[in-house]
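Peer 1: Take a look at the following structure, please.
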Amino acid sequence: MEESPIPDAVLGERVPSLSREHVAEEEPAWKPVPRGARGRTEPLRVAEVRDLEGFDALAAEWNALVMRADDQVFYRHEFVRCWLQSFAPEASLRILTARSGEGRLVAVLGLQEEQGHQYGVPVRQLTSLTNKHSCRFDLVAEEPKRAAVAFLSHLMSDPSWEVLRLSDVPEGGAAWALVNAARGAGMPWGAWPSARSPYLALPPTAEVWTKGRSNAKPLRRRRKRLEERGRVEVERVSGREGLEAKLEEAFALEQSGWKAQVGTAIGQAEARRGFYTALARTAAERGWLGLYFLRLGARPIAFQYGLAYGSRYLAMKPGYDETLGEVSPGHLLTESLVRDCIARGLSELDLLGDDAPYKREWAHEVRQHHWLFIYRDTWVGQTLQRSKFHWAPAAKRMVGRWVRRR
């Protein structure tokens with residue numbers, strides 16, 4: 001895979017090189033502001049949180065920062081807490097925080113320390129608190145460029161890591177400032193495209209949305225055929241009452257299909273079940289939950305597990321009864337879901353995850369994400385970067401050309 005350049009919209013002004021003098025300026029410092037120096041920019045005080053107790057103590061400040069910087073549910077403390085307790089309860093946390101001279105939390109970067117491998121070589125990594133279920137990740141900062149310089153300066157003084165890896169950062173996200181700062185400092189870096197998540201900007205009325213839809217008539221015919229079999233209803237679950245039973249219905253329905261054969265159904269792994277259950281409880285308590293069912297009589301034949309946060313509906317996990325595939329119960333539910341989102345005044349349906357044909361039935365725009373890599377400027381770091389972004393892709397291209405010529 002070719003190395004991806006930093007988008008022009010992200011680069012902006014070149015970040016100053018992280019020289020020794022610059023590192024010293026941005027290293028953690030807690031000093032009173034001298035008289036007559038009120039107009040100067042105070043250095044940020046960088047610290048690390050290394051346990052869950054310290055992370056939990058940040059909850060109120062963390063969420064206040066998210067709301068000021070980039071108010072997305074994936075960056076909130078509650079979401080990260082659900083992920084940690086399910087997928088990484090024993091993680092070696094290295095959560096970076098930055099505070100202003102007045103002590104206000106102005107930036108956070110959720111990391112963990114891991115021993116990984118690159119082409120069979122052991123690699124000491126700092127990685128984002130993410131996996132395929134976390135959907136989206138970013139640096140959360142009031143001033144991303146300033147926070148990036150402060151965090152990289154802090155990390156450069158620590159020889160315990162060789163690569164910093166951030167997964168599924170949206171194009172134009174604040175974490176690109178870290179790559180920009182590394183680039184300005186001459187550090188090896190790279191970026192790989194990851195998920196292309198389709199999304200639909202919702203119009204103000206369902207009538208506007210229906211006009212020109214290519215699948216409107218086919219879905220009307222399928223709905224009619226389904227209604228010939230019995231009563232068809234849509235149910236929306238948003239509160240705690242009866243939630244556990246509803247979740248079990250959704251998990252069982254998902255596990256009845258192809259996902260069970262490949263082992264990716266929620267109910268097949270304790271960590272996945274724990275995450276989606278804990279997140280649903282938390283979301284229900286805070287008014288974010290949007291768990292939709294399409295029912296034929298009392299029988300659930302499709303579901304959509306998602307969150308309604310801010311002005312978006314975030315579609316996290318779908319499932320449907322594959323024995324009714326000829327009437328497309330999943331698409332019928334999505335049609336009803338979109339109508340309900342419009343009626344509730346939401347402005348976007350975010351289908352998250354990877355691009356897929358069934359998602360393109362509803363959305364034509366995509367939100368590109370990337371994996372970002374920053375390496376220490378050492379012989380090891382340079383070798384790791386070249387092997388991943390130059391030598392391996394070059395070898396793959398040569399093999400591909402050889403295969404095509406045969």
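By order in the structure tokens, chains are A, B, ...; within a chain, residues start at 1; ligands start at 1, following the order shown.
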Write out as an MDAnalysis selection string which residues come within 8 Å of Pro188 of chain A when counting only C-alpha atoms, dropping same-chain ones fewer than 2 positions away.
Peer 2: chainID A and resid 182:183 186 190 374:377 381:382 385
Peer 1: Quick one: residues within 10 Å of segment 318-328 of chain A, only C-alpha atoms counted, chain neighbours fewer than 5 positions away excluded, as a PyMOL selection string?
Peer 2: chain A and resi 218-226+250-259+265+291-294+299-306+333-334+351
Peer 1: Keeping only N, CA, C and O atoms, write the selected residues to a file as a compact mmCIF listing (two decimals), in the first residue's frame.
Peer 2:
# COMPACT_ATOMS: atom_id res chain seq x y z
N PRO A 218 -39.25 -0.55 -5.11
CA PRO A 218 -38.99 -1.96 -4.75
C PRO A 218 -39.27 -2.25 -3.27
O PRO A 218 -39.81 -3.31 -2.93
N LEU A 219 -38.95 -1.30 -2.40
CA LEU A 219 -39.18 -1.53 -0.98
C LEU A 219 -40.67 -1.49 -0.64
O LEU A 219 -41.13 -2.21 0.26
N ARG A 220 -41.44 -0.69 -1.36
CA ARG A 220 -42.88 -0.68 -1.14
C ARG A 220 -43.47 -2.05 -1.48
O ARG A 220 -44.34 -2.56 -0.77
N ARG A 221 -43.01 -2.63 -2.57
CA ARG A 221 -43.50 -3.96 -2.97
C ARG A 221 -43.10 -5.02 -1.94
O ARG A 221 -43.90 -5.88 -1.58
N ARG A 222 -41.86 -4.93 -1.43
CA ARG A 222 -41.41 -5.91 -0.45
C ARG A 222 -42.14 -5.76 0.88
O ARG A 222 -42.46 -6.75 1.54
N ARG A 223 -42.41 -4.51 1.25
CA ARG A 223 -43.17 -4.29 2.50
C ARG A 223 -44.57 -4.88 2.37
O ARG A 223 -45.10 -5.48 3.32
N LYS A 224 -45.17 -4.70 1.20
CA LYS A 224 -46.51 -5.24 0.99
C LYS A 224 -46.51 -6.76 1.07
O LYS A 224 -47.40 -7.37 1.68
N ARG A 225 -45.50 -7.39 0.47
CA ARG A 225 -45.39 -8.85 0.54
C ARG A 225 -45.19 -9.31 1.98
O ARG A 225 -45.73 -10.34 2.41
N LEU A 226 -44.42 -8.54 2.76
CA LEU A 226 -44.21 -8.91 4.17
C LEU A 226 -45.49 -8.75 4.96
O LEU A 226 -45.83 -9.59 5.80
N ALA A 250 -31.88 -9.02 20.12
CA ALA A 250 -31.01 -8.54 19.05
C ALA A 250 -29.80 -9.45 18.87
O ALA A 250 -29.45 -9.83 17.75
N PHE A 251 -29.17 -9.82 19.99
CA PHE A 251 -27.99 -10.67 19.91
C PHE A 251 -28.33 -12.05 19.31
O PHE A 251 -27.56 -12.59 18.51
N ALA A 252 -29.48 -12.59 19.69
CA ALA A 252 -29.87 -13.91 19.17
C ALA A 252 -30.18 -13.82 17.68
O ALA A 252 -29.83 -14.74 16.91
N LEU A 253 -30.81 -12.74 17.25
CA LEU A 253 -31.13 -12.57 15.84
C LEU A 253 -29.85 -12.45 15.01
O LEU A 253 -29.72 -13.07 13.95
N GLU A 254 -28.90 -11.69 15.50
CA GLU A 254 -27.63 -11.55 14.77
C GLU A 254 -26.91 -12.89 14.68
O GLU A 254 -26.33 -13.24 13.64
N GLN A 255 -26.96 -13.67 15.75
CA GLN A 255 -26.24 -14.93 15.80
C GLN A 255 -26.92 -16.03 14.98
O GLN A 255 -26.33 -17.09 14.75
N SER A 256 -28.13 -15.77 14.50
CA SER A 256 -28.84 -16.77 13.71
C SER A 256 -28.38 -16.79 12.26
O SER A 256 -28.77 -17.68 11.50
N GLY A 257 -27.56 -15.83 11.86
CA GLY A 257 -27.17 -15.71 10.46
C GLY A 257 -25.71 -15.99 10.20
O GLY A 257 -25.02 -16.70 10.96
N TRP A 258 -25.21 -15.40 9.12
CA TRP A 258 -23.86 -15.70 8.63
C TRP A 258 -22.76 -15.28 9.60
O TRP A 258 -21.67 -15.85 9.61
N LYS A 259 -23.03 -14.28 10.45
CA LYS A 259 -22.00 -13.83 11.38
C LYS A 259 -21.59 -14.94 12.36
O LYS A 259 -20.43 -15.00 12.79
N ALA A 265 -20.39 -12.63 15.55
CA ALA A 265 -21.62 -12.17 16.20
C ALA A 265 -21.31 -11.68 17.62
O ALA A 265 -20.41 -12.20 18.30
N LEU A 291 -32.28 1.78 19.76
CA LEU A 291 -32.29 0.37 19.35
C LEU A 291 -33.62 0.12 18.65
O LEU A 291 -34.68 0.16 19.26
N TYR A 292 -33.57 -0.13 17.34
CA TYR A 292 -34.77 -0.29 16.52
C TYR A 292 -34.98 -1.76 16.17
O TYR A 292 -34.02 -2.48 15.87
N PHE A 293 -36.26 -2.18 16.17
CA PHE A 293 -36.63 -3.52 15.72
C PHE A 293 -37.71 -3.42 14.65
O PHE A 293 -38.60 -2.57 14.73
N LEU A 294 -37.62 -4.30 13.66
CA LEU A 294 -38.74 -4.54 12.75
C LEU A 294 -39.33 -5.87 13.18
O LEU A 294 -38.61 -6.88 13.27
N ARG A 299 -42.50 -11.36 16.51
CA ARG A 299 -41.19 -11.91 16.14
C ARG A 299 -40.26 -10.83 15.58
O ARG A 299 -40.62 -10.13 14.63
N PRO A 300 -39.07 -10.64 16.16
CA PRO A 300 -38.12 -9.68 15.59
C PRO A 300 -37.49 -10.25 14.33
O PRO A 300 -36.97 -11.37 14.34
N ILE A 301 -37.52 -9.48 13.24
CA ILE A 301 -36.94 -9.97 11.97
C ILE A 301 -35.80 -9.06 11.48
O ILE A 301 -35.13 -9.40 10.51
N ALA A 302 -35.60 -7.95 12.16
CA ALA A 302 -34.44 -7.08 11.87
C ALA A 302 -34.24 -6.15 13.05
O ALA A 302 -35.19 -5.81 13.77
N PHE A 303 -32.98 -5.75 13.28
CA PHE A 303 -32.71 -4.76 14.31
C PHE A 303 -31.58 -3.85 13.86
O PHE A 303 -30.78 -4.20 12.98
N GLN A 304 -31.52 -2.68 14.46
CA GLN A 304 -30.40 -1.75 14.28
C GLN A 304 -30.03 -1.22 15.66
O GLN A 304 -30.83 -0.54 16.31
N TYR A 305 -28.84 -1.55 16.10
CA TYR A 305 -28.30 -1.05 17.37
C TYR A 305 -27.55 0.23 17.05
O TYR A 305 -26.60 0.23 16.24
N GLY A 306 -27.95 1.33 17.66
CA GLY A 306 -27.29 2.60 17.38
C GLY A 306 -27.47 3.61 18.49
O GLY A 306 -28.18 3.37 19.48
N LEU A 333 -36.31 -1.94 7.57
CA LEU A 333 -36.10 -1.27 8.85
C LEU A 333 -35.32 0.03 8.66
O LEU A 333 -35.64 1.05 9.29
N THR A 334 -34.30 0.01 7.80
CA THR A 334 -33.53 1.23 7.57
C THR A 334 -34.41 2.34 7.02
O THR A 334 -34.27 3.51 7.41
N LEU A 351 -23.39 5.58 8.93
CA LEU A 351 -23.44 4.12 8.88
C LEU A 351 -22.15 3.47 9.39
O LEU A 351 -22.07 2.24 9.46
Peer 1: Which residue gives the smallest distance to Ser134 of chain A among A:Val237, A:Met187, A:Leu352, A:Pro198, with only C-alpha atoms counted?
Peer 2: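 Smallest separation from Ser134 of chain A among the options: A:Leu352.
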Peer 1: Residues near segment 106-108 of chain A, anyone? I mean within 8 Å using only C-alpha atoms, not counting same-chain ones fewer than 5 positions away, as an MDAnalysis selection string.
Peer 2: chainID A and resid 62 65 95:100 139:144 147
Peer 1: With only C-alpha atoms as the counted atoms, please give the residues lying no more than 9 Å from Leu296 of chain A, apart from itself and same-chain residues fewer than 5 positions off, as a ChimeraX atom specification.
Peer 2: /A:226-227,229-233,301
Peer 1: If you run DSSP on the backbone here, which positions in segment 148-267 of chain A get strand (DSSP E or B)? Please write them as a list in words.
Peer 2: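 Filtering segment 148-267 of chain A to strand (DSSP E or B) leaves Val163, Leu164, Arg165, Leu166, Ser167, Asp168, Val169, Pro170, Trp189, Gly190, Ala191, Trp192, Pro193, Ser194, Ala195, Arg196, Ser197, Pro198, Tyr199, Leu200, Ala201, Val232, Glu233, Val234, Glu235, Arg236 and Val237 of chain A.
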Peer 1: One decimal, in Å: what's the spacing between atom CA of Ser197 of chain A and atom CA of Val169 of chain A?
Peer 2: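 We find that atom CA of Ser197 of chain A and atom CA of Val169 of chain A lie 11.8 Å from each other.
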Peer 1: Using only C-alpha atoms, pick whichever of A:Asp350, A:Glu235, A:Glu78, A:Glu42 has the shortest atom-to-atom distance to Leu200 of chain A.
Peer 2: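 Looking only at the distances to Leu200 of chain A, the closest residue turns out to be A:Asp350.
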Peer 1: With only C-alpha atoms as the basis for distance, which of A:Asp70, A:Glu102, A:His154, A:Val121 is at the shortest distance from Ala47 of chain A?
Peer 2: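 Among A:Asp70, A:Glu102, A:His154, A:Val121, it is A:His154 that comes nearest to Ala47 of chain A.
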Peer 1: Between atom CA of Val149 of chain A and atom CA of Ala177 of chain A, measure the distance and give it in Å to one decimal.
Peer 2: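 For atom CA of Val149 of chain A relative to atom CA of Ala177 of chain A, the distance reads 8.3 Å.
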Peer 1: Excluding Pro204 of chain A and any residue of its chain fewer than 4 positions from it, enumerate the residues within 12 Å of it, using only C-alpha atoms, and give them as a ChimeraX atom specification.
Peer 2: /A:208-210,338-348
Peer 1: Ranking A:Ala60, A:Ala280, A:Ala148, A:Ala201 by minimum distance to Trp176 of chain A and counting only C-alpha atoms, which one comes first?
Peer 2: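 Nearest candidate to Trp176 of chain A out of A:Ala60, A:Ala280, A:Ala148, A:Ala201: A:Ala148.
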Peer 1: Could you give me the residues within segment 26-151 of chain A that DSSP places in alpha helix (DSSP H), as a short mmCIF file (atom, residue, chain, number, x, y, z; two decimals) with all heavy atoms, in the first residue's frame?
Peer 2:
data_model
loop_
_atom_site.label_atom_id
_atom_site.label_comp_id
_atom_site.auth_asym_id
_atom_site.auth_seq_id
_atom_site.Cartn_x
_atom_site.Cartn_y
_atom_site.Cartn_z
N GLU A 26 8.16 22.87 26.11
CA GLU A 26 6.86 22.24 26.19
C GLU A 26 6.78 21.11 27.22
O GLU A 26 5.76 20.51 27.39
CB GLU A 26 6.47 21.68 24.81
CG GLU A 26 6.14 22.76 23.77
CD GLU A 26 4.90 23.54 24.13
OE1 GLU A 26 4.08 23.05 24.92
OE2 GLU A 26 4.75 24.67 23.63
N LEU A 52 -6.98 2.89 35.86
CA LEU A 52 -8.40 3.20 35.69
C LEU A 52 -8.90 4.20 36.72
O LEU A 52 -9.78 5.01 36.43
CB LEU A 52 -9.22 1.91 35.76
CG LEU A 52 -9.20 1.03 34.51
CD1 LEU A 52 -9.95 -0.27 34.78
CD2 LEU A 52 -9.81 1.75 33.32
N GLU A 53 -8.35 4.14 37.91
CA GLU A 53 -8.77 5.09 38.95
C GLU A 53 -8.47 6.52 38.52
O GLU A 53 -9.31 7.41 38.65
CB GLU A 53 -8.05 4.76 40.26
CG GLU A 53 -8.51 5.64 41.43
CD GLU A 53 -7.80 5.29 42.72
OE1 GLU A 53 -6.93 4.38 42.72
OE2 GLU A 53 -8.12 5.92 43.75
N GLY A 54 -7.26 6.73 37.98
CA GLY A 54 -6.92 8.06 37.50
C GLY A 54 -7.75 8.46 36.31
O GLY A 54 -8.15 9.64 36.18
N PHE A 55 -8.05 7.51 35.43
CA PHE A 55 -8.90 7.79 34.27
C PHE A 55 -10.31 8.18 34.72
O PHE A 55 -10.90 9.14 34.22
CB PHE A 55 -8.94 6.57 33.36
CG PHE A 55 -9.92 6.67 32.23
CD1 PHE A 55 -9.75 7.57 31.19
CD2 PHE A 55 -11.05 5.84 32.21
CE1 PHE A 55 -10.68 7.65 30.15
CE2 PHE A 55 -11.97 5.91 31.18
CZ PHE A 55 -11.78 6.82 30.15
N ASP A 56 -10.86 7.42 35.66
CA ASP A 56 -12.21 7.72 36.14
C ASP A 56 -12.30 9.09 36.79
O ASP A 56 -13.32 9.77 36.70
CB ASP A 56 -12.66 6.65 37.14
CG ASP A 56 -12.97 5.32 36.47
OD1 ASP A 56 -13.19 5.31 35.24
OD2 ASP A 56 -12.99 4.29 37.16
N ALA A 57 -11.22 9.51 37.44
CA ALA A 57 -11.22 10.82 38.11
C ALA A 57 -11.32 11.97 37.11
O ALA A 57 -11.68 13.09 37.49
CB ALA A 57 -9.95 10.97 38.95
N ALA A 59 -13.42 12.09 34.54
CA ALA A 59 -14.67 12.00 33.79
C ALA A 59 -15.30 13.36 33.48
O ALA A 59 -15.60 13.67 32.31
CB ALA A 59 -15.66 11.12 34.54
N ALA A 60 -15.54 14.18 34.47
CA ALA A 60 -16.23 15.46 34.24
C ALA A 60 -15.40 16.38 33.36
O ALA A 60 -15.92 16.99 32.40
CB ALA A 60 -16.55 16.12 35.57
N GLU A 61 -14.10 16.49 33.65
CA GLU A 61 -13.23 17.36 32.85
C GLU A 61 -13.09 16.84 31.42
O GLU A 61 -13.07 17.62 30.46
CB GLU A 61 -11.84 17.43 33.48
CG GLU A 61 -11.73 18.19 34.78
CD GLU A 61 -10.30 18.22 35.26
OE1 GLU A 61 -9.78 17.15 35.64
OE2 GLU A 61 -9.69 19.30 35.22
N TRP A 62 -12.97 15.54 31.29
CA TRP A 62 -12.81 14.91 29.98
C TRP A 62 -14.00 15.25 29.09
O TRP A 62 -13.86 15.69 27.94
CB TRP A 62 -12.67 13.41 30.17
CG TRP A 62 -12.40 12.60 28.94
CD1 TRP A 62 -13.21 12.46 27.84
CD2 TRP A 62 -11.24 11.78 28.69
NE1 TRP A 62 -12.63 11.62 26.94
CE2 TRP A 62 -11.43 11.19 27.42
CE3 TRP A 62 -10.10 11.49 29.42
CZ2 TRP A 62 -10.50 10.31 26.87
CZ3 TRP A 62 -9.16 10.62 28.87
CH2 TRP A 62 -9.35 10.03 27.62
N ASN A 63 -15.22 15.03 29.62
CA ASN A 63 -16.42 15.28 28.82
C ASN A 63 -16.61 16.77 28.52
O ASN A 63 -17.09 17.12 27.43
CB ASN A 63 -17.65 14.72 29.53
CG ASN A 63 -17.72 13.21 29.43
OD1 ASN A 63 -17.13 12.61 28.53
ND2 ASN A 63 -18.44 12.58 30.36
N ALA A 64 -16.25 17.62 29.45
CA ALA A 64 -16.33 19.06 29.19
C ALA A 64 -15.40 19.44 28.03
O ALA A 64 -15.75 20.27 27.17
CB ALA A 64 -15.98 19.85 30.44
N LEU A 65 -14.22 18.83 28.00
CA LEU A 65 -13.27 19.09 26.92
C LEU A 65 -13.83 18.58 25.59
O LEU A 65 -13.73 19.27 24.57
CB LEU A 65 -11.94 18.41 27.23
CG LEU A 65 -10.88 18.43 26.11
CD1 LEU A 65 -10.51 19.86 25.74
CD2 LEU A 65 -9.65 17.62 26.52
N VAL A 66 -14.39 17.37 25.58
CA VAL A 66 -14.98 16.83 24.35
C VAL A 66 -16.03 17.77 23.80
O VAL A 66 -16.07 18.07 22.60
CB VAL A 66 -15.58 15.43 24.61
CG1 VAL A 66 -16.43 14.97 23.43
CG2 VAL A 66 -14.47 14.42 24.87
N MET A 67 -16.88 18.29 24.68
CA MET A 67 -17.95 19.18 24.23
C MET A 67 -17.40 20.49 23.67
O MET A 67 -17.98 21.08 22.76
CB MET A 67 -18.92 19.44 25.38
CG MET A 67 -19.68 18.19 25.81
SD MET A 67 -20.80 18.47 27.21
CE MET A 67 -22.06 19.46 26.42
N ARG A 68 -16.27 20.94 24.19
CA ARG A 68 -15.66 22.17 23.67
C ARG A 68 -14.91 21.92 22.36
O ARG A 68 -14.89 22.78 21.47
CB ARG A 68 -14.67 22.77 24.67
CG ARG A 68 -15.26 23.27 25.96
CD ARG A 68 -14.29 24.15 26.73
NE ARG A 68 -13.00 23.51 27.00
CZ ARG A 68 -12.73 22.77 28.06
NH1 ARG A 68 -13.69 22.55 28.96
NH2 ARG A 68 -11.53 22.25 28.27
N ALA A 69 -14.28 20.73 22.25
CA ALA A 69 -13.36 20.50 21.13
C ALA A 69 -14.04 19.84 19.93
O ALA A 69 -13.99 20.37 18.82
CB ALA A 69 -12.18 19.65 21.61
N HIS A 77 -15.92 10.15 27.75
CA HIS A 77 -15.36 9.31 28.80
C HIS A 77 -16.16 8.02 28.96
O HIS A 77 -15.58 6.93 29.10
CB HIS A 77 -15.34 10.09 30.12
CG HIS A 77 -14.57 9.42 31.22
ND1 HIS A 77 -15.13 8.43 32.00
CD2 HIS A 77 -13.29 9.58 31.66
CE1 HIS A 77 -14.23 8.03 32.90
NE2 HIS A 77 -13.11 8.69 32.70
N GLU A 78 -17.50 8.11 28.93
CA GLU A 78 -18.33 6.92 29.13
C GLU A 78 -18.08 5.87 28.06
O GLU A 78 -18.02 4.67 28.34
CB GLU A 78 -19.82 7.29 29.11
CG GLU A 78 -20.24 8.30 30.16
CD GLU A 78 -20.27 9.71 29.59
OE1 GLU A 78 -19.37 10.06 28.78
OE2 GLU A 78 -21.20 10.45 29.94
N PHE A 79 -17.94 6.32 26.81
CA PHE A 79 -17.72 5.38 25.72
C PHE A 79 -16.37 4.69 25.88
O PHE A 79 -16.26 3.46 25.77
CB PHE A 79 -17.78 6.12 24.38
CG PHE A 79 -17.76 5.21 23.18
CD1 PHE A 79 -18.94 4.81 22.59
CD2 PHE A 79 -16.57 4.73 22.66
CE1 PHE A 79 -18.95 3.94 21.49
CE2 PHE A 79 -16.55 3.87 21.56
CZ PHE A 79 -17.74 3.48 20.97
N VAL A 80 -15.34 5.47 26.17
CA VAL A 80 -14.00 4.89 26.34
C VAL A 80 -13.99 3.95 27.55
O VAL A 80 -13.36 2.89 27.52
CB VAL A 80 -12.95 6.00 26.51
CG1 VAL A 80 -11.55 5.41 26.71
CG2 VAL A 80 -12.95 6.93 25.29
N ARG A 81 -14.71 4.30 28.60
CA ARG A 81 -14.77 3.46 29.81
C ARG A 81 -15.42 2.11 29.49
O ARG A 81 -14.94 1.06 29.93
CB ARG A 81 -15.55 4.18 30.91
CG ARG A 81 -15.52 3.46 32.26
CD ARG A 81 -14.09 3.44 32.78
NE ARG A 81 -13.96 3.00 34.16
CZ ARG A 81 -13.94 1.72 34.56
NH1 ARG A 81 -14.06 0.74 33.68
NH2 ARG A 81 -13.78 1.42 35.84
N CYS A 82 -16.51 2.12 28.73
CA CYS A 82 -17.15 0.87 28.33
C CYS A 82 -16.19 0.01 27.51
O CYS A 82 -16.12 -1.21 27.69
CB CYS A 82 -18.42 1.15 27.52
SG CYS A 82 -19.80 1.80 28.48
N TRP A 83 -15.45 0.66 26.62
CA TRP A 83 -14.50 -0.09 25.78
C TRP A 83 -13.39 -0.70 26.64
O TRP A 83 -13.05 -1.88 26.48
CB TRP A 83 -13.91 0.85 24.72
CG TRP A 83 -13.06 0.14 23.73
CD1 TRP A 83 -13.45 -0.40 22.55
CD2 TRP A 83 -11.65 -0.14 23.85
NE1 TRP A 83 -12.38 -1.00 21.92
CE2 TRP A 83 -11.26 -0.85 22.69
CE3 TRP A 83 -10.68 0.15 24.81
CZ2 TRP A 83 -9.95 -1.29 22.48
CZ3 TRP A 83 -9.37 -0.29 24.61
CH2 TRP A 83 -9.02 -1.00 23.46
N LEU A 84 -12.83 0.08 27.55
CA LEU A 84 -11.75 -0.40 28.39
C LEU A 84 -12.17 -1.58 29.25
O LEU A 84 -11.48 -2.60 29.32
CB LEU A 84 -11.23 0.73 29.29
CG LEU A 84 -10.24 1.71 28.68
CD1 LEU A 84 -9.98 2.87 29.64
CD2 LEU A 84 -8.92 1.01 28.35
N GLN A 85 -13.32 -1.48 29.90
CA GLN A 85 -13.70 -2.53 30.83
C GLN A 85 -14.05 -3.83 30.10
O GLN A 85 -13.96 -4.91 30.68
CB GLN A 85 -14.89 -2.09 31.69
CG GLN A 85 -16.21 -1.97 30.97
CD GLN A 85 -17.32 -1.46 31.87
OE1 GLN A 85 -17.08 -0.77 32.85
NE2 GLN A 85 -18.55 -1.80 31.53
N SER A 86 -14.39 -3.73 28.81
CA SER A 86 -14.75 -4.93 28.04
C SER A 86 -13.58 -5.51 27.27
O SER A 86 -13.38 -6.73 27.28
CB SER A 86 -15.88 -4.59 27.06
OG SER A 86 -17.03 -4.15 27.75
N PHE A 87 -12.80 -4.66 26.61
CA PHE A 87 -11.77 -5.15 25.70
C PHE A 87 -10.35 -5.07 26.24
O PHE A 87 -9.46 -5.78 25.75
CB PHE A 87 -11.85 -4.39 24.38
CG PHE A 87 -13.10 -4.62 23.60
CD1 PHE A 87 -14.00 -3.59 23.37
CD2 PHE A 87 -13.40 -5.87 23.10
CE1 PHE A 87 -15.17 -3.79 22.65
CE2 PHE A 87 -14.56 -6.10 22.38
CZ PHE A 87 -15.46 -5.06 22.15
N PRO A 144 -5.29 21.78 18.67
CA PRO A 144 -4.60 20.55 18.28
C PRO A 144 -3.11 20.72 17.98
O PRO A 144 -2.30 19.88 18.39
CB PRO A 144 -5.37 20.10 17.04
CG PRO A 144 -6.74 20.66 17.23
CD PRO A 144 -6.52 21.98 17.89
N LYS A 145 -2.71 21.79 17.28
CA LYS A 145 -1.30 21.96 16.94
C LYS A 145 -0.45 22.12 18.19
O LYS A 145 0.62 21.51 18.32
CB LYS A 145 -1.12 23.17 16.02
CG LYS A 145 -1.66 22.98 14.63
CD LYS A 145 -1.37 24.19 13.77
CE LYS A 145 -1.91 24.01 12.35
NZ LYS A 145 -1.62 25.18 11.50
N ARG A 146 -0.93 22.92 19.11
CA ARG A 146 -0.17 23.14 20.35
C ARG A 146 -0.10 21.87 21.18
O ARG A 146 0.94 21.52 21.74
CB ARG A 146 -0.82 24.28 21.12
CG ARG A 146 -0.01 24.77 22.32
CD ARG A 146 -0.67 25.96 22.94
NE ARG A 146 0.01 26.34 24.17
CZ ARG A 146 -0.59 26.78 25.26
NH1 ARG A 146 -1.91 26.92 25.27
NH2 ARG A 146 0.08 27.12 26.33
N ALA A 147 -1.22 21.17 21.27
CA ALA A 147 -1.25 19.93 22.04
C ALA A 147 -0.35 18.87 21.40
O ALA A 147 0.35 18.13 22.10
CB ALA A 147 -2.69 19.41 22.12
N ALA A 148 -0.34 18.82 20.06
CA ALA A 148 0.48 17.84 19.36
C ALA A 148 1.96 18.06 19.66
O ALA A 148 2.71 17.10 19.93
CB ALA A 148 0.23 17.91 17.86
N VAL A 149 2.41 19.30 19.62
CA VAL A 149 3.81 19.60 19.92
C VAL A 149 4.14 19.23 21.37
O VAL A 149 5.18 18.63 21.65
CB VAL A 149 4.11 21.09 19.66
CG1 VAL A 149 5.49 21.47 20.18
CG2 VAL A 149 4.00 21.40 18.18
N ALA A 150 3.24 19.54 22.29
CA ALA A 150 3.48 19.23 23.70
C ALA A 150 3.55 17.72 23.93
O ALA A 150 4.44 17.21 24.63
CB ALA A 150 2.39 19.85 24.56
N PHE A 151 2.61 16.97 23.33
CA PHE A 151 2.59 15.52 23.53
C PHE A 151 3.80 14.85 22.88
O PHE A 151 4.41 13.94 23.47
CB PHE A 151 1.29 14.93 22.97
CG PHE A 151 0.08 15.17 23.84
CD1 PHE A 151 -1.20 15.10 23.32
CD2 PHE A 151 0.22 15.45 25.20
CE1 PHE A 151 -2.32 15.31 24.11
CE2 PHE A 151 -0.89 15.66 26.01
CZ PHE A 151 -2.16 15.58 25.46
#
Peer 1: What gap, in Å, lies between atom CA of Asp138 of chain A and atom CA of Ser157 of chain A?
Peer 2: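 Pair atom CA of Asp138 of chain A / atom CA of Ser157 of chain A returns 22.7 Å.
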Peer 1: Counting only C-alpha atoms, what is within 12 Å of Trp189 of chain A, bar same-chain residues fewer than 3 positions away, as a ChimeraX atom specification?
Peer 2: /A:3-6,162-166,176,178-186,192,371-377,381-390
